[in-house]
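This is my_file05.cif (mmCIF, C-alpha atoms).
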data_my_file
#
loop_
_atom_site.group_PDB
_atom_site.id
_atom_site.type_symbol
_atom_site.label_atom_id
_atom_site.label_comp_id
_atom_site.auth_asym_id
_atom_site.auth_seq_id
_atom_site.Cartn_x
_atom_site.Cartn_y
_atom_site.Cartn_z
ATOM 1 C CA MET A 185 -5.385 -34.209 -1.126
ATOM 2 C CA THR A 186 -7.756 -31.381 -1.985
ATOM 3 C CA ALA A 187 -6.476 -27.886 -2.685
ATOM 4 C CA HIS A 188 -6.371 -25.546 0.279
ATOM 5 C CA ARG A 189 -9.227 -23.088 0.459
ATOM 6 C CA VAL A 190 -8.146 -19.548 1.274
ATOM 7 C CA VAL A 191 -9.981 -16.476 2.574
ATOM 8 C CA ILE A 192 -8.345 -13.102 1.909
ATOM 9 C CA GLY A 193 -8.739 -10.145 4.295
ATOM 10 C CA ASP A 194 -9.090 -6.462 3.503
ATOM 11 C CA PHE A 195 -6.081 -5.600 1.306
ATOM 12 C CA GLY A 196 -5.404 -2.717 -1.073
ATOM 13 C CA ALA A 197 -6.446 -3.458 -4.662
ATOM 14 C CA VAL A 198 -2.940 -4.135 -5.986
ATOM 15 C CA ALA A 199 -1.848 -6.365 -3.108
ATOM 16 C CA ARG A 200 -5.099 -8.307 -3.449
ATOM 17 C CA LEU A 201 -4.465 -8.772 -7.153
ATOM 18 C CA GLY A 202 -0.964 -10.059 -6.344
ATOM 19 C CA LEU A 203 -2.371 -12.503 -3.792
ATOM 20 C CA LEU A 204 -5.049 -13.781 -6.174
ATOM 21 C CA ASP A 205 -2.401 -14.221 -8.855
ATOM 22 C CA LEU A 206 -0.235 -16.220 -6.473
ATOM 23 C CA LEU A 207 -3.165 -18.403 -5.355
ATOM 24 C CA ALA A 208 -4.080 -19.141 -8.970
ATOM 25 C CA GLU A 209 -0.501 -20.068 -9.880
ATOM 26 C CA GLU A 210 -0.218 -22.292 -6.824
ATOM 27 C CA GLY A 211 -3.493 -24.068 -7.549
ATOM 28 C CA LEU A 212 -5.069 -22.747 -4.347
ATOM 29 C CA GLU A 213 -8.698 -21.795 -4.189
ATOM 30 C CA ALA A 214 -9.796 -18.307 -3.071
ATOM 31 C CA VAL A 215 -13.120 -18.893 -1.371
ATOM 32 C CA GLY A 216 -13.897 -15.353 -0.301
ATOM 33 C CA HIS A 217 -12.466 -12.022 0.686
ATOM 34 C CA ALA A 218 -13.486 -9.463 3.265
ATOM 35 C CA GLU A 219 -15.121 -6.340 1.898
ATOM 36 C CA SER A 220 -13.118 -3.258 2.733
ATOM 37 C CA ARG A 221 -14.625 -1.055 5.442
ATOM 38 C CA LYS A 222 -16.517 -4.039 6.782
ATOM 39 C CA ARG A 223 -13.661 -5.857 8.432
ATOM 40 C CA PRO A 224 -15.655 -7.122 11.429
ATOM 41 C CA GLY A 225 -17.258 -9.226 8.696
ATOM 42 C CA ILE A 226 -14.227 -11.496 8.393
ATOM 43 C CA ILE A 227 -15.091 -13.649 11.426
ATOM 44 C CA PRO A 228 -18.631 -14.458 10.179
ATOM 45 C CA LEU A 229 -17.129 -15.061 6.725
ATOM 46 C CA VAL A 230 -14.579 -17.490 8.152
ATOM 47 C CA ASN A 231 -17.326 -19.165 10.152
ATOM 48 C CA GLU A 232 -19.430 -19.526 7.042
ATOM 49 C CA VAL A 233 -16.873 -20.847 4.551
ATOM 50 C CA ARG A 234 -14.459 -22.623 6.983
ATOM 51 C CA PRO A 235 -11.308 -22.142 4.895
ATOM 52 C CA ASP A 236 -7.982 -23.881 5.545
ATOM 53 C CA VAL A 237 -6.061 -20.608 5.530
ATOM 54 C CA VAL A 238 -6.920 -16.952 6.180
ATOM 55 C CA VAL A 239 -4.605 -14.262 4.803
ATOM 56 C CA LEU A 240 -4.776 -10.950 6.704
ATOM 57 C CA ASP A 241 -3.200 -7.541 6.056
ATOM 58 C CA LEU A 242 -0.401 -7.162 8.615
ATOM 59 C CA ASP A 243 -0.357 -3.389 8.021
ATOM 60 C CA ASP A 244 -3.803 -3.178 9.575
ATOM 61 C CA GLU A 245 -3.357 -2.471 13.272
ATOM 62 C CA ALA A 246 -6.188 -4.870 14.184
ATOM 63 C CA ALA A 247 -4.649 -7.761 12.188
ATOM 64 C CA LEU A 248 -2.959 -9.515 15.108
ATOM 65 C CA GLU A 249 -6.045 -9.272 17.293
ATOM 66 C CA VAL A 250 -8.185 -10.727 14.486
ATOM 67 C CA ALA A 251 -5.587 -13.459 13.888
ATOM 68 C CA VAL A 252 -5.673 -14.535 17.526
ATOM 69 C CA GLN A 253 -9.465 -14.467 17.502
ATOM 70 C CA ILE A 254 -9.602 -16.693 14.405
ATOM 71 C CA THR A 255 -7.049 -19.176 15.717
ATOM 72 C CA SER A 256 -8.814 -19.454 19.054
ATOM 73 C CA GLU A 257 -12.316 -19.831 17.610
ATOM 74 C CA PHE A 258 -11.218 -22.065 14.724
ATOM 75 C CA PRO A 259 -8.057 -23.903 15.899
ATOM 76 C CA ALA A 260 -7.675 -25.878 12.660
ATOM 77 C CA ILE A 261 -7.313 -22.733 10.549
ATOM 78 C CA LYS A 262 -3.925 -21.284 9.741
ATOM 79 C CA VAL A 263 -3.603 -17.491 9.600
ATOM 80 C CA VAL A 264 -0.913 -15.733 7.574
ATOM 81 C CA ALA A 265 -0.696 -11.953 8.047
ATOM 82 C CA CYS A 266 1.246 -10.323 5.197
ATOM 83 C CA SER A 267 2.461 -6.771 4.947
ATOM 84 C CA SER A 268 2.121 -5.100 1.577
ATOM 85 C CA GLU A 269 4.805 -2.556 2.528
ATOM 86 C CA GLU A 270 7.654 -4.349 4.294
ATOM 87 C CA PRO A 271 8.797 -7.796 3.100
ATOM 88 C CA VAL A 272 7.506 -9.461 6.259
ATOM 89 C CA MET A 273 4.743 -11.840 7.271
ATOM 90 C CA GLN A 274 3.515 -13.317 10.544
ATOM 91 C CA VAL A 275 2.360 -16.928 10.506
ATOM 92 C CA PHE A 276 -0.108 -18.417 13.012
ATOM 93 C CA PRO A 277 0.078 -22.218 12.533
ATOM 94 C CA PRO A 278 -3.057 -24.259 13.245
ATOM 95 C CA PHE A 279 -3.504 -25.761 16.734
ATOM 96 C CA HIS A 280 -0.974 -23.377 18.283
ATOM 97 C CA HIS A 281 -3.385 -21.288 20.317
ATOM 98 C CA GLY A 282 -2.438 -17.947 18.806
ATOM 99 C CA GLU A 283 1.325 -18.518 18.891
ATOM 100 C CA SER A 284 3.025 -17.109 15.829
ATOM 101 C CA TYR A 285 6.335 -16.486 14.157
ATOM 102 C CA LEU A 286 7.599 -13.700 11.934
ATOM 103 C CA SER A 287 9.084 -14.624 8.602
ATOM 104 C CA GLN A 288 10.572 -12.928 5.594
ATOM 105 C CA LEU A 289 7.855 -12.429 2.999
ATOM 106 C CA THR A 290 8.877 -13.720 -0.385
ATOM 107 C CA ARG A 291 6.696 -15.268 -3.013
ATOM 108 C CA ALA A 292 8.237 -18.682 -2.302
ATOM 109 C CA HIS A 293 7.912 -18.420 1.493
ATOM 110 C CA LEU A 294 4.301 -17.340 1.234
ATOM 111 C CA ALA A 295 3.446 -20.127 -1.203
ATOM 112 C CA GLN A 296 5.017 -22.625 1.197
ATOM 113 C CA ALA A 297 3.114 -21.187 4.167
ATOM 114 C CA LEU A 298 -0.153 -21.414 2.251
ATOM 115 C CA HIS A 299 0.404 -25.019 1.173
ATOM 116 C CA ASN A 300 1.484 -26.520 4.496
ATOM 117 C CA MET B 276 -1.728 3.725 -39.050
ATOM 118 C CA ILE B 277 1.659 3.608 -37.375
ATOM 119 C CA GLU B 278 2.236 0.617 -35.167
ATOM 120 C CA GLU B 279 3.492 1.924 -31.836
ATOM 121 C CA ARG B 280 6.048 0.017 -29.838
ATOM 122 C CA PRO B 281 4.676 -1.056 -26.443
ATOM 123 C CA VAL B 282 5.878 0.887 -23.417
ATOM 124 C CA ARG B 283 8.456 -1.182 -21.535
ATOM 125 C CA VAL B 284 7.999 -1.100 -17.775
ATOM 126 C CA TRP B 285 10.339 -2.338 -15.037
ATOM 127 C CA VAL B 286 8.897 -2.809 -11.550
ATOM 128 C CA ASP B 287 11.093 -2.564 -8.437
ATOM 129 C CA ASP B 288 9.522 -3.254 -5.045
ATOM 130 C CA GLN B 289 10.746 -5.198 -2.036
ATOM 131 C CA ASN B 290 7.283 -6.558 -1.243
ATOM 132 C CA ASP B 291 6.682 -9.603 -3.464
ATOM 133 C CA ILE B 292 2.889 -9.542 -3.144
ATOM 134 C CA PHE B 293 2.559 -5.877 -4.046
ATOM 135 C CA ARG B 294 5.072 -6.268 -6.893
ATOM 136 C CA LEU B 295 3.224 -9.308 -8.193
ATOM 137 C CA GLY B 296 0.033 -7.221 -8.222
ATOM 138 C CA LEU B 297 1.731 -4.406 -10.143
ATOM 139 C CA THR B 298 3.235 -6.764 -12.713
ATOM 140 C CA ALA B 299 -0.135 -8.502 -13.144
ATOM 141 C CA CYS B 300 -1.606 -5.102 -14.127
ATOM 142 C CA LEU B 301 0.853 -4.878 -17.031
ATOM 143 C CA ASP B 302 -1.052 -7.498 -18.967
ATOM 144 C CA ALA B 303 -2.712 -4.620 -20.826
ATOM 145 C CA PRO B 304 -2.588 -3.204 -24.366
ATOM 146 C CA GLY B 305 0.417 -1.034 -25.192
ATOM 147 C CA LEU B 306 2.402 -2.088 -22.113
ATOM 148 C CA VAL B 307 4.975 -4.794 -21.541
ATOM 149 C CA LEU B 308 6.897 -5.891 -18.439
ATOM 150 C CA SER B 309 10.605 -5.675 -19.205
ATOM 151 C CA GLY B 310 11.704 -6.987 -15.827
ATOM 152 C CA GLU B 311 11.394 -6.744 -12.073
ATOM 153 C CA SER B 312 13.664 -6.421 -9.079
ATOM 154 C CA ARG B 313 13.723 -6.209 -5.323
ATOM 155 C CA ALA B 314 15.665 -3.251 -3.866
ATOM 156 C CA LEU B 315 17.246 -2.704 -7.324
ATOM 157 C CA ALA B 316 18.625 -6.256 -7.476
ATOM 158 C CA PRO B 317 19.093 -7.325 -10.196
ATOM 159 C CA THR B 318 19.997 -3.890 -11.542
ATOM 160 C CA PRO B 319 17.355 -2.703 -14.012
ATOM 161 C CA ASP B 320 18.537 -2.955 -17.605
ATOM 162 C CA LEU B 321 18.030 0.660 -18.605
ATOM 163 C CA ASP B 322 18.541 0.017 -22.302
ATOM 164 C CA ARG B 323 15.257 -1.830 -22.283
ATOM 165 C CA ILE B 324 13.148 0.352 -19.975
ATOM 166 C CA ASP B 325 10.838 3.244 -20.776
ATOM 167 C CA ILE B 326 9.361 3.581 -17.289
ATOM 168 C CA LEU B 327 10.940 2.481 -14.011
ATOM 169 C CA VAL B 328 8.436 1.957 -11.197
ATOM 170 C CA PHE B 329 10.113 2.073 -7.771
ATOM 171 C CA ASP B 330 9.328 2.328 -4.067
ATOM 172 C CA LEU B 331 10.093 5.814 -2.772
ATOM 173 C CA GLY B 332 10.016 4.468 0.801
ATOM 174 C CA GLY B 333 12.992 2.203 0.121
ATOM 175 C CA GLY B 334 15.518 5.030 0.492
ATOM 176 C CA ARG B 335 16.706 4.561 -3.080
ATOM 177 C CA LEU B 336 15.686 7.848 -4.681
ATOM 178 C CA GLY B 337 19.323 8.924 -5.071
ATOM 179 C CA GLU B 338 20.362 5.596 -6.551
ATOM 180 C CA VAL B 339 17.417 5.571 -8.968
ATOM 181 C CA VAL B 340 18.140 9.122 -10.097
ATOM 182 C CA ARG B 341 21.838 8.299 -10.633
ATOM 183 C CA LEU B 342 20.977 5.134 -12.576
ATOM 184 C CA THR B 343 18.662 6.943 -14.952
ATOM 185 C CA GLN B 344 20.724 10.107 -15.390
ATOM 186 C CA GLY B 345 21.142 11.052 -19.041
ATOM 187 C CA ARG B 346 18.612 8.401 -20.072
ATOM 188 C CA ALA B 347 15.156 8.698 -21.534
ATOM 189 C CA THR B 348 13.795 6.399 -18.796
ATOM 190 C CA ARG B 349 10.936 8.010 -16.898
ATOM 191 C CA LEU B 350 10.275 7.394 -13.221
ATOM 192 C CA LEU B 351 7.095 6.453 -11.375
ATOM 193 C CA ALA B 352 7.311 6.374 -7.577
ATOM 194 C CA ILE B 353 5.159 4.414 -5.151
ATOM 195 C CA VAL B 354 4.769 6.563 -2.016
ATOM 196 C CA ALA B 355 3.468 5.746 1.465
ATOM 197 C CA SER B 356 1.363 8.912 1.640
ATOM 198 C CA ALA B 357 0.479 11.812 -0.640
ATOM 199 C CA SER B 358 1.851 14.245 1.932
ATOM 200 C CA ASP B 359 5.157 12.418 2.225
ATOM 201 C CA GLY B 360 7.854 15.107 2.207
ATOM 202 C CA LEU B 361 9.940 12.752 0.053
ATOM 203 C CA LEU B 362 7.454 13.265 -2.770
ATOM 204 C CA VAL B 363 8.508 16.914 -3.120
ATOM 205 C CA ASP B 364 12.158 15.787 -3.294
ATOM 206 C CA ALA B 365 11.225 13.106 -5.817
ATOM 207 C CA VAL B 366 9.392 15.501 -8.132
ATOM 208 C CA GLU B 367 12.262 17.959 -7.858
ATOM 209 C CA ALA B 368 14.605 15.113 -8.826
ATOM 210 C CA GLY B 369 12.583 14.452 -11.967
ATOM 211 C CA VAL B 370 10.101 11.749 -10.938
ATOM 212 C CA ALA B 371 7.184 12.112 -13.354
ATOM 213 C CA GLY B 372 4.489 10.073 -11.629
ATOM 214 C CA ALA B 373 3.514 9.021 -8.131
ATOM 215 C CA LEU B 374 0.916 6.722 -6.618
ATOM 216 C CA VAL B 375 -0.021 6.101 -2.992
ATOM 217 C CA ARG B 376 0.681 2.472 -2.046
ATOM 218 C CA SER B 377 -2.497 1.811 -0.075
ATOM 219 C CA GLU B 378 -4.758 3.541 -2.601
ATOM 220 C CA VAL B 379 -3.399 2.452 -5.979
ATOM 221 C CA THR B 380 -5.694 0.268 -8.101
ATOM 222 C CA PRO B 381 -4.993 -1.474 -11.414
ATOM 223 C CA ALA B 382 -6.917 1.312 -13.182
ATOM 224 C CA THR B 383 -5.036 4.189 -11.544
ATOM 225 C CA PHE B 384 -1.707 2.408 -12.102
ATOM 226 C CA LEU B 385 -2.383 1.981 -15.825
ATOM 227 C CA HIS B 386 -3.643 5.558 -16.101
ATOM 228 C CA CYS B 387 -0.510 6.873 -14.403
ATOM 229 C CA LEU B 388 1.775 4.726 -16.599
ATOM 230 C CA ARG B 389 0.087 5.997 -19.760
ATOM 231 C CA SER B 390 0.307 9.643 -18.621
ATOM 232 C CA VAL B 391 3.977 9.250 -17.813
ATOM 233 C CA ALA B 392 4.635 7.428 -21.100
ATOM 234 C CA GLY B 393 2.922 10.291 -22.911
ATOM 235 C CA GLY B 394 5.313 12.755 -21.343
ATOM 236 C CA ASN B 395 2.904 14.074 -18.729
ATOM 237 C CA GLY B 396 3.181 14.057 -14.980
ATOM 238 C CA SER B 397 0.718 12.327 -12.716
ATOM 239 C CA VAL B 398 0.686 12.785 -8.955
ATOM 240 C CA PRO B 399 -2.060 12.336 -6.350
ATOM 241 C CA ALA B 400 -4.363 15.375 -6.335
ATOM 242 C CA THR B 401 -3.906 15.639 -2.573
ATOM 243 C CA ALA B 402 -0.183 16.194 -3.121
ATOM 244 C CA LEU B 403 -0.599 19.091 -5.547
ATOM 245 C CA ALA B 404 -0.936 21.844 -2.944
ATOM 246 C CA SER B 405 2.392 21.112 -1.317
ATOM 247 C CA LEU B 406 4.069 20.514 -4.688
ATOM 248 C CA LEU B 407 2.832 23.786 -6.182
ATOM 249 C CA ALA B 408 3.882 25.711 -3.110
ATOM 250 C CA GLY B 409 7.439 24.642 -3.877
ATOM 251 C CA PRO B 410 10.309 23.252 -1.820
ATOM 252 C CA GLY B 411 9.719 23.092 1.887
ATOM 253 C CA ALA B 412 6.022 23.800 1.557
ATOM 254 C CA GLY B 413 3.847 22.093 4.088
ATOM 255 C CA ARG B 414 6.887 21.524 6.234
ATOM 256 C CA ARG B 415 6.680 24.968 7.801
ATOM 257 C CA ASN B 416 6.163 24.854 11.497
ATOM 258 C CA GLY B 417 2.602 24.636 12.682
ATOM 259 C CA SER B 418 0.858 25.498 9.432
ATOM 260 C CA THR B 419 -2.844 24.740 9.723
ATOM 261 C CA GLY B 420 -3.979 26.513 6.590
ATOM 262 C CA HIS B 421 -5.539 23.907 4.381
ATOM 263 C CA LEU B 422 -7.196 21.222 6.454
ATOM 264 C CA THR B 423 -10.045 19.472 4.712
ATOM 265 C CA GLY B 424 -13.468 18.854 6.217
ATOM 266 C CA ARG B 425 -12.712 15.248 6.985
ATOM 267 C CA GLU B 426 -9.363 16.116 8.524
ATOM 268 C CA LEU B 427 -11.162 18.534 10.830
ATOM 269 C CA ASP B 428 -13.743 15.838 11.668
ATOM 270 C CA VAL B 429 -10.957 13.449 12.616
ATOM 271 C CA LEU B 430 -9.206 16.135 14.684
ATOM 272 C CA ARG B 431 -12.420 16.873 16.548
ATOM 273 C CA LEU B 432 -12.898 13.193 17.428
ATOM 274 C CA LEU B 433 -9.228 12.878 18.404
ATOM 275 C CA SER B 434 -9.701 15.801 20.777
ATOM 276 C CA GLN B 435 -12.510 13.828 22.413
ATOM 277 C CA GLY B 436 -10.069 11.026 23.147
ATOM 278 C CA GLU B 437 -11.449 8.598 20.576
ATOM 279 C CA SER B 438 -9.284 5.759 19.282
ATOM 280 C CA THR B 439 -8.579 5.110 15.610
ATOM 281 C CA ARG B 440 -11.182 2.376 15.606
ATOM 282 C CA GLU B 441 -13.860 4.530 17.268
ATOM 283 C CA ILE B 442 -13.215 7.302 14.771
ATOM 284 C CA ALA B 443 -13.427 4.808 11.890
ATOM 285 C CA VAL B 444 -16.791 3.564 13.151
ATOM 286 C CA GLY B 445 -18.056 7.086 13.863
ATOM 287 C CA LEU B 446 -17.202 8.400 10.398
ATOM 288 C CA SER B 447 -17.820 5.151 8.469
ATOM 289 C CA TYR B 448 -14.228 5.024 7.216
ATOM 290 C CA SER B 449 -11.875 2.064 7.369
ATOM 291 C CA GLU B 450 -9.230 2.237 10.080
ATOM 292 C CA LYS B 451 -6.637 2.445 7.350
ATOM 293 C CA THR B 452 -8.285 5.563 5.952
ATOM 294 C CA VAL B 453 -8.370 7.147 9.398
ATOM 295 C CA LYS B 454 -4.699 6.366 9.878
ATOM 296 C CA ASN B 455 -3.905 7.914 6.510
ATOM 297 C CA ILE B 456 -5.895 11.028 7.382
ATOM 298 C CA VAL B 457 -4.100 11.342 10.731
ATOM 299 C CA HIS B 458 -0.746 10.839 9.059
ATOM 300 C CA ASP B 459 -1.584 13.528 6.480
ATOM 301 C CA LEU B 460 -2.718 15.858 9.259
ATOM 302 C CA LEU B 461 0.474 15.441 11.225
ATOM 303 C CA VAL B 462 2.642 16.047 8.189
ATOM 304 C CA ARG B 463 0.609 19.037 7.082
ATOM 305 C CA MET B 464 0.545 20.595 10.528
ATOM 306 C CA ASN B 465 4.149 19.555 11.105
ATOM 307 C CA CYS B 466 3.227 17.986 14.418
ATOM 308 C CA ARG B 467 5.042 15.088 16.060
ATOM 309 C CA ASN B 468 1.956 13.339 17.379
ATOM 310 C CA ARG B 469 -1.803 13.428 17.694
ATOM 311 C CA ALA B 470 -1.745 15.311 20.990
ATOM 312 C CA GLN B 471 0.313 18.144 19.514
ATOM 313 C CA ALA B 472 -2.027 18.371 16.517
ATOM 314 C CA VAL B 473 -5.068 18.549 18.778
ATOM 315 C CA ALA B 474 -3.385 21.183 20.957
ATOM 316 C CA LEU B 475 -2.410 23.291 17.960
ATOM 317 C CA ALA B 476 -5.851 23.016 16.362
ATOM 318 C CA THR B 477 -7.522 23.988 19.639
ATOM 319 C CA GLN B 478 -5.133 26.904 20.115
ATOM 320 C CA ARG B 479 -5.944 28.192 16.617
ATOM 321 C CA GLY B 480 -9.659 27.756 17.166
ATOM 322 C CA LEU B 481 -9.979 25.211 14.344
ATOM 323 C CA ILE B 482 -11.932 22.712 16.412
#
As structure tokens:
Amino acid sequence: MTAHRVVIGDFGAVARLGLLDLLAEEGLEAVGHAESRKRPGIIPLVNEVRPDVVVLDLDDEAALEVAVQITSEFPAIKVVACSSEEPVMQVFPPFHHGESYLSQLTRAHLAQALHN
Amino acid sequence: MIEERPVRVWVDDQNDIFRLGLTACLDAPGLVLSGESRALAPTPDLDRIDILVFDLGGGRLGEVVRLTQGRATRLLAIVASASDGLLVDAVEAGVAGALVRSEVTPATFLHCLRSVAGGNGSVPATALASLLAGPGAGRRNGSTGHLTGRELDVLRLLSQGESTREIAVGLSYSEKTVKNIVHDLLVRMNCRNRAQAVALATQRGLI
């Protein structure tokens, strides 16, 4: 099995560093991240690199809309929207047509969500 | 030359990703991570901590102040916004440094840690006005004294009925920045919502 390829959305610098650290420790490959202030760019980015997982910033009010757009245009991609304030994340499993569930955000839970 | 002991830092934050990012920053000269916790569990070992970094939004200011009372441990708070009224309380309670969660970078975090370790304070420049004005400043009803140019720009667009996203596009800011500006505006003007802020600004002839 090849390592999952992950695209990271527009996060604050420290949260992004934390995510990159986690990906590295978990042997996951970061294949791109959205430039801040250019968030509409994430869909073309996803289209270009076709990752297995996209991690979005749940604190961004457009995150859920973007998540649904990604899962409907690219059904095989999983989207995980993480808050960097509250310990909470919202997971959009692949092939679930935008359905999602909220989960407690811990390092272990996130790692599990990224791997499966 | 005297070999200086590294500054021992403990990081408390309930968000694992953000905390992981902060602890990753501590891989820097003169600093060492002495431990980490989520909502003060496990309890920080204050005998081995020079600086305690904690989340001011977690409602634990009192607990943190009690824990560190009579100790040399210095406090660095992570705040949701520079105009957070809690920041005034925190500084009054002895917090030496503060950083805004959505704006902090590895460089500003390290800079703030080193200032605090050196016995200086370090707070966001945007928070200075309300801090210098003393307790209760900026919380007075309907004050519109010190709005910045970009706050006025945002107010003007709000008054035209534009959404956060439209304002972000119009001013080439991220939506997050616009939301921060609006939040700062509301706190500074002591308004409950955008409509009240627009009404007050119009009434005072600001926009």
Near stretch 281-295 of chain A, within 10 Å and counting all atoms listed in the file, which residues show up once chain neighbours fewer than 5 positions away are dropped, as a count of residues only? 40
To verify the selection step, state as a PyMOL selection string which residues the PyMOL selection byres ((chain B and resi 334) around 12) yields on this input. chain B and resi 288-289+314-315+329-333+335-340+352-354+361-362+364-365
Tell me which protein, DNA and RNA residues are within 12 Å of A:Gly211, counting all atoms listed in the file, leaving out same-chain ones fewer than 2 positions away, and put them as number ranges by chain. A: 186-190, 204-209, 213-214, 295, 298-299
Near chain A, which residues of chain B fall within 10 Å when you count only C-alpha atoms, and what do they look like as a PyMOL selection string? chain B and resi 288-300+313+330+332-333+355+376-382+384+439-440+443-444+447-452+454
Atoms kept (C-alpha atoms) for selection, written as a CSV table (one decimal), in the coordinates of the input:
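Output saved as out_5.csv:
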chain,number,residue,atom,x,y,z
B,288,ASP,CA,9.5,-3.3,-5.0
B,289,GLN,CA,10.7,-5.2,-2.0
B,290,ASN,CA,7.3,-6.6,-1.2
B,291,ASP,CA,6.7,-9.6,-3.5
B,292,ILE,CA,2.9,-9.5,-3.1
B,293,PHE,CA,2.6,-5.9,-4.0
B,294,ARG,CA,5.1,-6.3,-6.9
B,295,LEU,CA,3.2,-9.3,-8.2
B,296,GLY,CA,0.0,-7.2,-8.2
B,297,LEU,CA,1.7,-4.4,-10.1
B,298,THR,CA,3.2,-6.8,-12.7
B,299,ALA,CA,-0.1,-8.5,-13.1
B,300,CYS,CA,-1.6,-5.1,-14.1
B,313,ARG,CA,13.7,-6.2,-5.3
B,330,ASP,CA,9.3,2.3,-4.1
B,332,GLY,CA,10.0,4.5,0.8
B,333,GLY,CA,13.0,2.2,0.1
B,355,ALA,CA,3.5,5.7,1.5
B,376,ARG,CA,0.7,2.5,-2.0
B,377,SER,CA,-2.5,1.8,-0.1
B,378,GLU,CA,-4.8,3.5,-2.6
B,379,VAL,CA,-3.4,2.5,-6.0
B,380,THR,CA,-5.7,0.3,-8.1
B,381,PRO,CA,-5.0,-1.5,-11.4
B,382,ALA,CA,-6.9,1.3,-13.2
B,384,PHE,CA,-1.7,2.4,-12.1
B,439,THR,CA,-8.6,5.1,15.6
B,440,ARG,CA,-11.2,2.4,15.6
B,443,ALA,CA,-13.4,4.8,11.9
B,444,VAL,CA,-16.8,3.6,13.2
B,447,SER,CA,-17.8,5.2,8.5
B,448,TYR,CA,-14.2,5.0,7.2
B,449,SER,CA,-11.9,2.1,7.4
B,450,GLU,CA,-9.2,2.2,10.1
B,451,LYS,CA,-6.6,2.4,7.4
B,452,THR,CA,-8.3,5.6,6.0
B,454,LYS,CA,-4.7,6.4,9.9
Just how far from atom CA of B:Gly396 is atom CA of B:Val462, in Å to one decimal?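 Distance reported for this atom pair: 23.3 Å.
Picture a line from atom CA of B:Ser358 to atom CA of B:Val457; it runs 11.0 Å.
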Find the residues around B:Arg323 up to 12 Å (only C-alpha atoms counted), leave out those fewer than 3 positions away in its own chain, and share them as a PyMOL selection string. chain B and resi 281-285+307-311+318-320+326-327+343+346-348
What's the separation between atom CA of B:Asn468 and atom CA of B:Gly424, in Å to one decimal place?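 Separating atom CA of B:Asn468 from atom CA of B:Gly424 is a distance of 19.8 Å.
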Using all atoms listed in the file, can you tell me which of B:Leu475, B:Leu385, B:Ile482, B:Leu403 comes closest to B:Asp302?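 Comparing B:Leu475, B:Leu385, B:Ile482, B:Leu403 against B:Asp302, the winner is B:Leu385.
This file, queried with the PyMOL selection byres ((chain A and resi 191) around 9), gives the residues A:Arg189, A:Val190, A:Ile192, A:Gly193, A:Glu213, A:Ala214, A:Val215, A:Gly216, A:His217, A:Ala218, A:Ile226, A:Leu229, A:Val230, A:Val233, A:Arg234, A:Pro235, A:Asp236, A:Val237, A:Val238, A:Val239, A:Leu240.
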Neighbours of B:Gln435 within 10 Å (only C-alpha atoms; same-chain residues fewer than 5 positions away dropped), as a ChimeraX atom specification? /B:429-430,473
